[in-house]
$ cat input28.cif   # mmCIF, C-alpha atoms
data_structure
loop_
_atom_site.label_atom_id
_atom_site.label_comp_id
_atom_site.auth_asym_id
_atom_site.auth_seq_id
_atom_site.Cartn_x
_atom_site.Cartn_y
_atom_site.Cartn_z
CA MET A 1 28.31 -66.12 -72.79
CA GLU A 2 30.62 -67.11 -69.93
CA SER A 3 31.25 -64.79 -67.00
CA THR A 4 32.39 -64.87 -63.32
CA CYS A 5 30.05 -64.53 -60.34
CA LEU A 6 30.87 -61.43 -58.25
CA TYR A 7 29.93 -63.17 -55.04
CA CYS A 8 31.22 -66.79 -55.26
CA GLU A 9 33.67 -66.14 -58.13
CA GLY A 10 32.41 -69.23 -59.94
CA HIS A 11 32.06 -69.44 -63.71
CA PHE A 12 28.62 -69.57 -65.20
CA THR A 13 26.97 -69.17 -68.56
CA SER A 14 24.29 -66.63 -69.20
CA ILE A 15 22.31 -65.20 -72.07
CA ARG A 16 22.61 -61.61 -70.85
CA SER A 17 26.09 -60.11 -70.89
CA SER A 18 25.43 -57.84 -67.88
CA LYS A 19 24.53 -60.66 -65.49
CA LYS A 20 26.74 -60.42 -62.35
CA TYR A 21 25.72 -63.34 -60.20
CA CYS A 22 25.48 -67.03 -60.97
CA SER A 23 22.30 -67.55 -58.92
CA ASP A 24 19.65 -65.75 -56.93
CA ASN A 25 21.32 -67.04 -53.80
CA CYS A 26 24.60 -65.28 -54.64
CA LYS A 27 22.72 -62.15 -55.58
CA GLN A 28 20.90 -62.09 -52.23
CA MET A 29 24.05 -62.87 -50.26
CA ALA A 30 25.89 -60.11 -52.07
CA TYR A 31 23.04 -57.77 -51.13
CA PHE A 32 23.30 -58.76 -47.47
CA LYS A 33 27.06 -58.35 -47.58
CA ARG A 34 26.68 -54.87 -49.00
CA ASN A 35 24.29 -53.98 -46.21
CA GLY A 36 26.49 -55.37 -43.49
CA LEU A 37 24.50 -58.49 -42.59
CA VAL A 38 26.45 -61.39 -41.23
CA LEU A 39 25.19 -64.89 -41.48
CA SER A 40 26.97 -68.00 -40.29
CA GLY A 41 29.31 -69.40 -42.87
CA THR A 42 29.67 -66.07 -44.69
CA THR A 43 32.41 -63.49 -44.75
CA GLU A 44 32.44 -60.66 -42.15
CA ALA A 45 30.76 -57.36 -42.77
CA GLU A 46 32.43 -53.98 -42.64
CA PRO A 47 33.38 -52.97 -39.07
CA SER A 48 31.01 -50.01 -38.97
CA LEU A 49 28.08 -52.16 -39.91
CA VAL A 50 28.50 -55.04 -37.48
CA VAL A 51 25.28 -56.69 -36.38
CA GLN A 52 25.04 -56.85 -32.62
CA GLU A 53 22.94 -59.90 -32.12
CA VAL A 54 21.72 -62.84 -34.17
CA ASN A 55 19.31 -64.84 -32.13
CA VAL A 56 18.60 -67.72 -34.44
CA LYS A 57 21.15 -69.61 -36.42
CA PRO A 58 20.24 -71.72 -39.42
CA SER A 59 20.37 -75.47 -39.40
CA ASN A 60 23.86 -76.69 -40.22
CA THR A 61 24.15 -76.30 -43.92
CA ASN A 62 26.41 -74.27 -46.11
CA GLU A 63 23.82 -73.64 -48.76
CA VAL A 64 21.23 -71.28 -47.44
CA ILE A 65 18.42 -69.61 -49.30
CA VAL A 66 17.75 -66.15 -48.00
CA LYS A 67 14.82 -64.15 -49.24
CA TYR A 68 13.82 -60.77 -47.98
CA ASP A 69 10.19 -59.77 -48.14
CA LYS A 70 9.92 -56.00 -48.10
CA GLU A 71 6.20 -55.92 -47.44
CA LYS A 72 6.23 -58.25 -44.45
CA ASP A 73 9.68 -57.20 -43.21
CA THR A 74 10.64 -60.86 -43.02
CA VAL A 75 13.56 -62.90 -44.24
CA LYS A 76 13.32 -66.50 -45.32
CA TYR A 77 16.50 -68.03 -44.12
CA GLY A 78 16.80 -71.62 -45.00
CA ASN A 79 13.69 -73.31 -43.73
CA GLU A 80 12.94 -70.69 -41.12
CA GLU A 81 11.15 -67.42 -41.59
CA LEU A 82 12.56 -64.56 -39.56
CA SER A 83 11.25 -61.10 -38.86
CA VAL A 84 13.65 -58.21 -39.05
CA LYS A 85 13.79 -56.05 -35.96
CA TYR A 86 15.66 -52.81 -36.19
CA ASP A 87 15.88 -49.46 -34.56
CA LYS A 88 14.59 -46.81 -36.91
CA ASP A 89 17.00 -44.22 -35.64
CA LYS A 90 19.97 -46.57 -35.96
CA LEU A 91 19.40 -48.23 -39.28
CA CYS A 92 22.54 -50.29 -39.15
CA GLU A 93 21.56 -52.30 -36.09
CA PHE A 94 19.52 -55.31 -37.15
CA GLU A 95 18.31 -58.23 -35.20
CA PHE A 96 16.76 -61.42 -36.46
CA VAL A 97 14.02 -62.96 -34.43
CA PRO A 98 11.89 -65.98 -35.33
CA LEU A 99 8.41 -64.96 -36.38
CA SER A 100 6.72 -66.85 -33.58
CA ASN A 101 8.87 -65.14 -30.92
CA ALA A 102 8.45 -61.79 -32.55
CA ALA A 103 4.68 -62.13 -32.44
CA GLY A 104 4.88 -63.19 -28.79
CA GLU A 105 7.02 -60.22 -27.91
CA LYS A 106 4.66 -57.94 -29.70
CA GLU A 107 1.79 -59.26 -27.62
CA GLU A 108 3.76 -58.75 -24.42
CA GLU A 109 4.61 -55.25 -25.44
CA THR A 110 0.99 -54.45 -26.16
CA GLU A 111 -0.04 -55.81 -22.80
CA SER A 112 2.65 -54.11 -20.81
CA ASN A 113 2.57 -50.78 -22.57
CA GLU A 114 -1.11 -50.04 -22.69
CA PHE A 115 -0.41 -46.42 -22.12
CA LYS A 116 1.83 -46.22 -25.17
CA GLU A 117 -0.76 -47.98 -27.30
CA ALA A 118 -3.42 -45.56 -26.12
CA LYS A 119 -1.15 -42.73 -27.11
CA LYS A 120 -0.63 -44.29 -30.53
CA ASP A 121 -4.38 -44.65 -30.99
CA THR A 122 -4.99 -41.04 -30.16
CA ARG A 123 -2.28 -40.10 -32.57
CA LYS A 124 -4.12 -41.98 -35.29
CA ILE A 125 -7.36 -40.17 -34.51
CA GLU A 126 -6.11 -36.69 -33.95
CA PRO A 127 -2.48 -36.62 -34.91
CA ILE A 128 -1.93 -32.85 -34.95
CA LYS A 129 -3.79 -31.99 -31.77
CA SER A 130 -2.17 -34.74 -29.80
CA ARG A 131 1.24 -33.76 -31.04
CA VAL A 132 0.68 -30.17 -29.97
CA LYS A 133 -0.45 -31.39 -26.55
CA ILE A 134 2.48 -33.73 -26.20
CA GLU A 135 4.80 -30.95 -27.30
CA GLU A 136 3.36 -28.62 -24.67
CA GLU A 137 3.62 -31.30 -22.00
CA GLN A 138 7.21 -32.04 -22.91
CA LYS A 139 8.00 -28.33 -22.95
CA GLU A 140 6.52 -27.88 -19.48
CA GLU A 141 8.38 -30.91 -18.17
CA THR A 142 11.70 -29.85 -19.62
CA GLU A 143 11.41 -26.36 -18.18
CA SER A 144 13.23 -26.45 -14.89
CA SER A 145 11.26 -25.11 -11.97
CA PHE A 146 11.25 -21.32 -11.60
CA LYS A 147 13.37 -19.94 -8.81
CA TRP A 148 11.47 -17.17 -7.05
CA ILE A 149 13.70 -14.18 -6.33
CA ASN A 150 13.11 -11.98 -3.32
CA SER A 151 14.24 -8.39 -3.28
CA LYS A 152 16.88 -7.82 -0.63
CA LEU A 153 15.48 -4.42 0.26
CA ILE A 154 11.92 -5.66 0.66
CA SER A 155 13.08 -8.70 2.65
CA LEU A 156 14.93 -6.40 5.04
CA ILE A 157 11.89 -4.15 5.46
CA GLU A 158 9.70 -7.17 6.17
CA LYS A 159 12.27 -8.44 8.65
CA LYS A 160 12.16 -5.11 10.46
CA TYR A 161 8.37 -5.27 10.53
CA ALA A 162 8.54 -8.79 11.92
CA GLN A 163 10.78 -7.51 14.72
CA ASN A 164 7.97 -5.06 15.50
CA PHE A 165 10.30 -2.11 15.30
CA GLY A 166 8.49 0.73 17.10
CA GLY A 167 5.42 -1.36 17.59
CA ILE A 168 2.25 -0.33 19.33
CA LYS A 169 4.00 2.46 21.26
CA ILE A 170 4.23 4.50 18.12
CA LYS A 171 0.81 3.65 16.78
CA GLU A 172 -1.03 4.59 19.94
CA PRO A 173 1.26 6.89 22.02
CA PHE A 174 -1.57 8.25 24.17
CA ASP A 175 -2.51 4.72 25.21
CA TYR A 176 1.02 3.77 26.14
CA TRP A 177 2.55 6.94 27.63
CA GLU A 178 1.32 9.70 29.87
CA TYR A 179 -0.38 12.66 28.26
CA GLU A 180 2.56 15.10 28.44
CA GLU A 181 5.04 12.49 27.22
CA ALA A 182 2.70 11.39 24.46
CA LYS A 183 2.35 15.01 23.34
CA CYS A 184 6.14 15.30 23.07
CA ILE A 185 6.25 12.05 21.12
CA VAL A 186 3.62 13.24 18.65
CA TRP A 187 5.53 16.52 18.18
CA VAL A 188 8.79 14.65 17.47
CA ASN A 189 7.11 12.02 15.35
CA THR A 190 5.52 14.62 13.09
CA ARG A 191 8.88 16.22 12.39
CA PHE A 192 10.76 12.96 12.20
CA ARG A 193 8.32 11.62 9.63
CA CYS A 194 8.95 14.63 7.45
CA LEU A 195 12.73 14.33 7.82
CA ALA A 196 12.71 10.58 7.21
CA GLU A 197 10.69 11.07 4.03
CA SER A 198 13.11 13.75 2.90
CA LEU A 199 16.08 11.48 3.49
CA ILE A 200 14.47 8.61 1.55
CA LYS A 201 13.63 10.93 -1.31
CA LEU A 202 17.14 12.36 -1.38
CA SER A 203 18.67 8.89 -1.41
CA ASN A 204 16.70 8.13 -4.58
CA TYR A 205 18.34 11.01 -6.42
CA SER A 206 21.63 10.48 -8.14
CA ARG A 207 23.06 13.77 -6.80
CA ILE A 208 21.93 16.52 -4.47
CA ASP A 209 23.27 20.03 -4.00
CA CYS A 210 25.18 21.00 -0.89
CA HIS A 211 22.54 23.50 0.21
CA THR A 212 19.92 20.74 0.49
CA LEU A 213 22.23 18.69 2.66
CA LEU A 214 22.89 21.75 4.79
CA CYS A 215 19.18 22.39 5.29
CA ILE A 216 18.36 18.84 6.25
CA THR A 217 21.32 18.63 8.64
CA ASP A 218 20.18 21.86 10.24
CA ALA A 219 16.64 20.52 10.58
CA PHE A 220 17.97 17.42 12.32
CA LYS A 221 20.08 19.57 14.61
CA ARG A 222 17.08 21.68 15.57
CA LEU A 223 15.08 18.54 16.27
CA VAL A 224 17.77 16.93 18.39
CA THR A 225 18.51 20.09 20.36
CA SER A 226 14.87 20.94 20.97
CA ALA A 227 13.54 20.84 24.51
CA THR A 228 10.73 18.53 23.48
CA PHE A 229 13.22 15.98 22.16
CA ASN A 230 15.06 16.05 25.45
CA LYS A 231 11.81 15.49 27.31
CA LEU A 232 11.16 12.27 25.40
CA PRO A 233 10.72 9.20 27.59
CA SER A 234 13.69 6.87 27.75
CA ASP A 235 11.82 4.03 26.09
CA TYR A 236 10.99 6.06 22.97
CA PRO A 237 12.21 3.67 20.25
CA PHE A 238 13.63 6.12 17.68
CA LYS A 239 15.63 8.46 19.92
CA GLU A 240 19.01 6.84 19.33
CA PHE A 241 18.35 6.37 15.66
CA ILE A 242 17.56 10.08 15.19
CA ILE A 243 20.79 11.06 16.98
CA GLU A 244 22.73 8.54 14.86
CA LEU A 245 21.28 10.05 11.68
CA PHE A 246 22.16 13.54 12.84
CA HIS A 247 25.78 12.53 13.50
CA GLY A 248 25.98 10.81 10.12
CA LEU A 249 24.69 13.90 8.31
CA ASN A 250 27.04 16.17 10.24
CA LYS A 251 29.98 13.98 9.29
CA MET A 252 28.93 13.96 5.64
CA LEU A 253 28.62 17.72 5.66
CA ALA A 254 32.09 18.06 7.14
CA ASP A 255 33.58 15.68 4.55
CA LYS A 256 31.74 16.80 1.43
CA GLY A 257 30.53 20.27 2.35
CA HIS A 258 32.94 21.89 -0.08
CA LEU A 259 31.32 20.21 -3.11
CA ASN A 260 28.48 21.84 -5.00
CA MET A 261 26.83 18.57 -5.95
CA LEU A 262 27.30 15.36 -4.08
CA ALA A 263 26.02 11.80 -4.12
CA PHE A 264 23.81 11.13 -1.16
CA LYS A 265 23.52 7.45 -0.39
CA LEU A 266 22.13 5.60 2.56
CA THR A 267 23.20 2.11 3.53
CA LYS A 268 20.62 -0.60 2.86
CA GLN A 269 20.16 -1.18 6.58
CA ARG A 270 19.57 2.49 7.30
CA LYS A 271 17.27 2.94 4.33
CA THR A 272 15.14 -0.05 5.27
CA GLN A 273 14.94 1.23 8.82
CA LEU A 274 13.81 4.63 7.58
CA ILE A 275 11.24 3.12 5.21
CA CYS A 276 9.90 0.91 7.97
CA ILE A 277 9.62 3.77 10.48
CA ARG A 278 8.03 6.07 7.95
CA HIS A 279 5.52 3.37 7.00
CA GLN A 280 4.57 2.97 10.66
CA LEU A 281 4.30 6.70 11.24
CA MET A 282 2.19 7.15 8.10
CA LEU A 283 -0.94 5.81 9.76
CA ARG A 284 -1.12 8.06 12.85
CA THR A 285 1.18 11.01 12.29
CA PRO A 286 0.12 14.06 10.25
CA GLU A 287 2.08 14.83 7.11
CA ILE A 288 4.11 18.04 6.77
CA LYS A 289 6.16 19.18 3.79
CA PHE A 290 9.81 19.96 4.41
CA THR A 291 9.25 23.56 3.26
CA GLU A 292 6.54 23.99 5.89
CA ILE A 293 8.30 22.36 8.81
CA ASP A 294 8.92 24.42 11.96
CA PHE A 295 10.52 23.63 15.26
CA ILE A 296 8.55 26.04 17.40
CA GLU A 297 7.79 24.25 20.57
CA GLU A 298 4.51 24.65 22.33
CA LYS A 299 4.81 26.91 25.34
CA VAL A 300 1.12 27.65 25.68
CA HIS A 301 1.09 27.04 29.40
CA GLU A 302 4.13 29.25 30.09
CA ASN A 303 2.80 32.01 27.82
CA LYS A 304 -0.52 31.98 29.56
CA VAL A 305 1.19 32.33 32.94
CA LEU A 306 3.26 35.24 31.61
CA GLN A 307 0.18 36.91 30.14
CA ILE A 308 -1.66 36.63 33.40
CA THR A 309 1.21 37.79 35.60
CA TYR A 310 2.80 40.51 33.45
CA GLY A 311 0.10 41.22 30.89
CA ILE A 312 2.69 40.83 28.16
CA ASN A 313 1.75 39.27 24.87
CA LYS A 314 4.72 37.16 23.88
CA THR A 315 2.91 34.92 21.44
CA GLU A 316 4.18 36.77 18.39
CA LYS A 317 5.43 34.18 16.01
CA ARG A 318 8.39 34.94 13.89
CA ASN A 319 8.72 33.28 10.58
CA ASP A 320 10.50 30.03 11.10
CA TRP A 321 12.63 30.34 7.97
CA ARG A 322 14.11 33.56 9.38
CA LEU A 323 14.97 31.82 12.64
CA ARG A 324 16.65 29.02 10.75
CA TYR A 325 18.52 31.48 8.54
CA GLU A 326 19.79 33.39 11.54
CA SER A 327 20.96 30.27 13.30
CA LEU A 328 22.79 29.10 10.18
CA LYS A 329 24.39 32.53 9.84
CA ARG A 330 25.53 32.46 13.45
CA GLN A 331 27.19 29.10 12.84
CA GLY A 332 28.88 30.45 9.71
CA LEU A 333 27.33 27.69 7.64
CA LEU A 334 26.05 29.99 4.91
CA ASN A 335 28.31 31.21 2.13
CA ASN A 336 27.77 34.57 0.37
CA GLN A 337 25.64 33.19 -2.44
CA GLN A 338 23.38 31.37 -0.05
CA GLN A 339 23.12 34.47 2.16
CA ASN A 340 21.98 36.51 -0.85
CA LYS A 341 19.57 33.79 -1.85
CA ALA A 342 18.09 33.57 1.62
CA ALA A 343 17.89 37.35 1.96
CA MET B 1 10.83 -39.23 -34.78
CA LYS B 2 10.57 -35.79 -33.23
CA PRO B 3 7.10 -34.24 -33.20
CA LEU B 4 6.62 -31.12 -35.22
CA ILE B 5 7.04 -27.86 -33.37
CA TYR B 6 4.87 -25.05 -34.49
CA LYS B 7 2.92 -22.24 -32.95
CA THR B 8 -0.79 -21.89 -33.35
CA LYS B 9 -2.38 -18.47 -33.68
CA GLU B 10 -3.64 -18.71 -30.14
CA MET B 11 -0.14 -19.24 -28.86
CA GLU B 12 1.26 -16.34 -30.83
CA ASN B 13 -1.26 -14.01 -29.24
CA LYS B 14 0.15 -14.73 -25.82
CA LEU B 15 3.37 -12.84 -26.50
CA ILE B 16 3.16 -9.51 -24.71
CA VAL B 17 5.47 -6.57 -24.19
CA LYS B 18 5.34 -4.67 -20.91
CA ARG B 19 7.12 -1.53 -19.87
CA TYR B 20 8.55 -1.06 -16.38
CA LYS B 21 10.29 1.70 -14.54
CA ILE B 22 12.85 0.07 -12.29
CA PRO B 23 14.26 2.10 -9.41
CA GLU B 24 17.91 1.70 -8.52
CA ASP B 25 17.03 -0.18 -5.33
CA LEU B 26 15.42 -3.02 -7.27
CA LEU B 27 17.54 -3.03 -10.41
CA MET B 28 19.78 -5.94 -9.45
CA ASP B 29 16.87 -8.10 -8.36
CA ILE B 30 14.94 -7.47 -11.56
CA LEU B 31 18.00 -8.13 -13.73
CA ARG B 32 18.57 -11.38 -11.87
CA ILE B 33 15.06 -12.47 -12.85
CA LEU B 34 15.49 -11.43 -16.47
CA PHE B 35 18.91 -12.97 -17.03
CA GLY B 36 18.20 -16.06 -14.94
CA ASN B 37 15.21 -16.98 -17.08
CA ASN B 38 16.40 -15.76 -20.48
CA ILE B 39 13.61 -13.25 -20.83
CA LYS B 40 13.82 -10.84 -23.73
CA HIS B 41 14.20 -7.28 -22.55
CA LYS B 42 15.43 -3.95 -23.77
CA ILE B 43 16.59 -0.92 -21.86
CA ILE B 44 14.85 1.94 -23.58
CA GLY B 45 15.92 4.77 -21.36
CA ILE B 46 17.27 5.99 -18.07
CA GLN B 47 15.92 8.68 -15.81
CA GLN B 48 18.99 10.22 -14.35
CA LEU B 49 17.18 12.44 -11.87
CA GLN B 50 15.16 9.64 -10.33
CA ASN B 51 17.90 7.03 -10.68
CA SER B 52 15.64 4.63 -12.54
CA VAL B 53 15.77 2.55 -15.70
CA LEU B 54 12.99 2.18 -18.24
CA LEU B 55 12.67 -1.42 -19.47
CA ASN B 56 10.63 -3.11 -22.18
CA VAL B 57 10.15 -6.76 -21.34
CA SER B 58 8.69 -9.38 -23.72
CA PHE B 59 6.84 -12.21 -22.03
CA ASP B 60 5.78 -15.43 -23.70
CA LEU B 61 2.74 -16.34 -21.65
CA ASN B 62 2.80 -19.89 -23.02
CA SER B 63 5.91 -20.49 -21.00
CA ILE B 64 5.50 -21.19 -17.30
CA LYS B 65 8.86 -19.64 -16.55
CA ASN B 66 7.90 -16.42 -18.30
CA ARG B 67 4.59 -16.27 -16.48
CA GLU B 68 6.23 -16.79 -13.12
CA ALA B 69 8.97 -14.30 -13.89
CA LYS B 70 6.31 -11.71 -14.71
CA GLU B 71 4.53 -12.40 -11.44
CA ASN B 72 7.82 -12.22 -9.55
CA MET B 73 8.79 -8.89 -11.10
CA GLU B 74 5.39 -7.31 -10.62
CA GLY B 75 5.21 -8.58 -7.05
CA ILE B 76 8.52 -6.93 -6.16
CA LEU B 77 7.50 -3.67 -7.84
CA ALA B 78 4.10 -3.68 -6.12
CA ASP B 79 5.67 -4.28 -2.69
CA TYR B 80 8.15 -1.48 -3.29
CA SER B 81 5.38 0.89 -4.40
CA GLU B 82 3.44 0.04 -1.24
CA TYR B 83 6.33 0.84 1.08
CA MET B 84 7.28 3.96 -0.85
CA LYS B 85 3.73 5.24 -1.19
CA GLY B 86 3.80 9.00 -1.48
CA LEU B 87 7.56 9.15 -1.89
CA LEU B 88 7.79 8.29 -5.57
CA GLY B 89 5.68 11.29 -6.58
CA ASP B 90 3.77 10.55 -9.73
CA THR B 91 6.13 7.77 -10.65
CA VAL B 92 4.37 4.63 -11.82
CA LEU B 93 6.56 1.57 -11.83
CA MET B 94 4.40 -0.53 -14.12
CA LEU B 95 3.43 1.22 -17.31
CA ASP B 96 1.18 0.10 -20.12
CA GLU B 97 2.57 -0.40 -23.58
CA GLU B 98 1.00 2.79 -24.86
CA ASP B 99 2.17 4.97 -21.99
CA GLU B 100 5.07 7.15 -22.91
CA GLU B 101 7.54 8.89 -20.74
CA ASN B 102 8.87 12.13 -22.09
CA GLU B 103 11.72 12.61 -19.69
CA TYR B 104 14.53 10.19 -20.58
#
$ encode --input "input28.cif" --output "structure tokens"
Amino acid sequence: MESTCLYCEGHFTSIRSSKKYCSDNCKQMAYFKRNGLVLSGTTEAEPSLVVQEVNVKPSNTNEVIVKYDKEKDTVKYGNEELSVKYDKDKLCEFEFVPLSNAAGEKEEETESNEFKEAKKDTRKIEPIKSRVKIEEEQKEETESSFKWINSKLISLIEKKYAQNFGGIKIKEPFDYWEYEEAKCIVWVNTRFRCLAESLIKLSNYSRIDCHTLLCITDAFKRLVTSATFNKLPSDYPFKEFIIELFHGLNKMLADKGHLNMLAFKLTKQRKTQLICIRHQLMLRTPEIKFTEIDFIEEKVHENKVLQITYGINKTEKRNDWRLRYESLKRQGLLNNQQQNKAA
Amino acid sequence: MKPLIYKTKEMENKLIVKRYKIPEDLLMDILRILFGNNIKHKIIGIQQLQNSVLLNVSFDLNSIKNREAKENMEGILADYSEYMKGLLGDTVLMLDEEDEENEY
């Protein structure tokens, strides 16, 4: 039966009707053409399957026998035997290298990349474990370094500490100041600690009622106007800060005093300052609750003199809450409800 | 060829969930840590009175980033607790998984 070769288009006779190629050569060449291999003297492959590099060209002949050995990954091309080098990820990119060169390159690779070979060996021995390890290593490498975040509030507090705000004067007042002055400082410190704690606590609430603000403002006023406060030495570190707080509270009361509930917020600077002072006072100053605070100043010496000279006992203590209530009433700061409540 | 990615039992056990009470003062810092490192978290409640948020945070202890984020968060909360000692009342900023807060 006569038919036409699909590769060289030559006529040939065959026994089988389905035979497509005249020879094995044409069959192989057609196979290479289909797979995009280009050999000298043959037609060009499809553009997407262009071979990048052909290192060895056959001896000048138009008739070439090409045989591909799947097991060895080699191609017999004319008289020369070539190994096929290709990238597994990019299957279309082939490269022909003479067997001798290929072996040489392999040796070089093994010598130069001992580390890789060692890795391969370990993979053969313990493939799963090594893969898990490698995976973990890669994961750790790919993770960008962690950026440590510092809290602004805590940084500010630490900064204040570093500045030694208050310092040793506050920790050991009797060592630094004279006895009378130190006594005044301890008296003020005890009350200021309580008020500072109250302010910090209030700033942590979302809203406070007006009466609370009124009470704390009044307490500050009583502290600032006390005789002991005025006797404080000029180098007492918190004097100005206490006055500043008192003015701030007074202003807030004037602005928002008409509201039943109000948001009480301190600026970050002021809050950090308060936290820092309170932390310093914590160690040496006794703790008093706001409900138990009083502003009765010690007049023991004067009272004793009076007792001796006039025989009058003036040490009767009135309840401090009543004193505070009366002072608030005099200032007209209490409304009817609060008056009833206090009464 | 890419190596297989799978988790062993040991690795799975390192996933933990922790509950934190974050005061308003630290909220932005803590959220910066959580969002910056893609850490799974869930806001499970707010305490309006105390101005704080209750958070459930899932940490994968196999991840370095997660481990460091946990340290960072707990460090900030511990520092804050130290400075505010006695002012937070009975408030505990770092809660165990089993602890429950009734007041949301």
$ residues_around --input "input28.cif" --residues "Met84 (chain B)" --least-positions-apart "3" --cutoff "9 Å" --atoms "only C-alpha atoms" --output "JSON list (two decimals) with C-alpha atoms, in the coordinates of the input"
[["chain", "number", "residue", "atom", "x", "y", "z"],
["A", 200, "ILE", "CA", 14.47, 8.61, 1.55],
["A", 275, "ILE", "CA", 11.24, 3.12, 5.21],
["A", 279, "HIS", "CA", 5.52, 3.37, 7.00],
["B", 79, "ASP", "CA", 5.67, -4.28, -2.69],
["B", 80, "TYR", "CA", 8.15, -1.48, -3.29],
["B", 81, "SER", "CA", 5.38, 0.89, -4.40],
["B", 87, "LEU", "CA", 7.56, 9.15, -1.89],
["B", 88, "LEU", "CA", 7.79, 8.29, -5.57]]
$ atom_distance --input "input28.cif" --atom1 "CA of Lys201 (chain A)" --atom2 "CA of Lys256 (chain A)"
19.2 Å
$ interface_residues --input "input28.cif" --of "chain B" --to "chain A" --cutoff "7 Å" --atoms "all atoms listed in the file" --output "NGL selection string"
:B and (3 or 26 or 29 or 33 or 48-51 or 65 or 68 or 72 or 76 or 80 or 83 or 87)
$ resolve_selection --input "input28.cif" --expression "the PyMOL selection byres ((chain A and resi 21) around 7)" --output "VMD selection string"
chain A and resid 5 to 7 19 to 20 22 to 23 26 to 27
$ write_last_selection --input "input28.cif" --atoms "C-alpha atoms" --output "mmCIF file, keeping the file's coordinate frame"
data_model
loop_
_atom_site.group_PDB
_atom_site.id
_atom_site.type_symbol
_atom_site.label_atom_id
_atom_site.label_comp_id
_atom_site.auth_asym_id
_atom_site.auth_seq_id
_atom_site.Cartn_x
_atom_site.Cartn_y
_atom_site.Cartn_z
ATOM 1 C CA CYS A 5 30.050 -64.530 -60.340
ATOM 2 C CA LEU A 6 30.870 -61.430 -58.250
ATOM 3 C CA TYR A 7 29.930 -63.170 -55.040
ATOM 4 C CA LYS A 19 24.530 -60.660 -65.490
ATOM 5 C CA LYS A 20 26.740 -60.420 -62.350
ATOM 6 C CA CYS A 22 25.480 -67.030 -60.970
ATOM 7 C CA SER A 23 22.300 -67.550 -58.920
ATOM 8 C CA CYS A 26 24.600 -65.280 -54.640
ATOM 9 C CA LYS A 27 22.720 -62.150 -55.580
#
$ residues_near_point --input "input28.cif" --point "(20.1, 1.3, -8.6)" --cutoff "9 Å" --atoms "all atoms listed in the file" --output "compact mmCIF listing (two decimals) with C-alpha atoms, in the frame of the given file"
# COMPACT_ATOMS: atom_id res chain seq x y z
CA ASN A 204 16.70 8.13 -4.58
CA ILE B 22 12.85 0.07 -12.29
CA PRO B 23 14.26 2.10 -9.41
CA GLU B 24 17.91 1.70 -8.52
CA ASP B 25 17.03 -0.18 -5.33
CA LEU B 26 15.42 -3.02 -7.27
CA LEU B 27 17.54 -3.03 -10.41
CA MET B 28 19.78 -5.94 -9.45
CA ASN B 51 17.90 7.03 -10.68
CA SER B 52 15.64 4.63 -12.54
CA VAL B 53 15.77 2.55 -15.70
$ atom_distance --input "input28.cif" --atom1 "CA of Arg19 (chain B)" --atom2 "CA of Leu55 (chain B)"
5.6 Å
$ residues_around --input "input28.cif" --residues "Leu34 (chain B)" --least-positions-apart "3" --cutoff "10 Å" --atoms "only C-alpha atoms" --output "list in words"
Met28, Asp29, Ile30, Leu31, Asn37, Asn38, Ile39, Lys40, His41, Val57, Asn66, Ala69, Lys70 and Met73 of chain B
$ residues_around --input "input28.cif" --residues "region 219-234 of chain A" --least-positions-apart "5" --cutoff "7 Å" --atoms "all atoms listed in the file" --output "list of chain:residue names"
A:Glu181, A:Cys184, A:Ile185, A:Val188, A:Ile243, A:Phe246, A:Phe295
$ atom_distance --input "input28.cif" --atom1 "CA of Leu253 (chain A)" --atom2 "CA of Cys210 (chain A)"
8.1 Å
$ resolve_selection --input "input28.cif" --expression "the PyMOL selection byres ((chain A and resi 172) around 12)" --output "PyMOL selection string"
chain A and resi 166-171+173-179+182-183+185-186+189+280-281+283-285
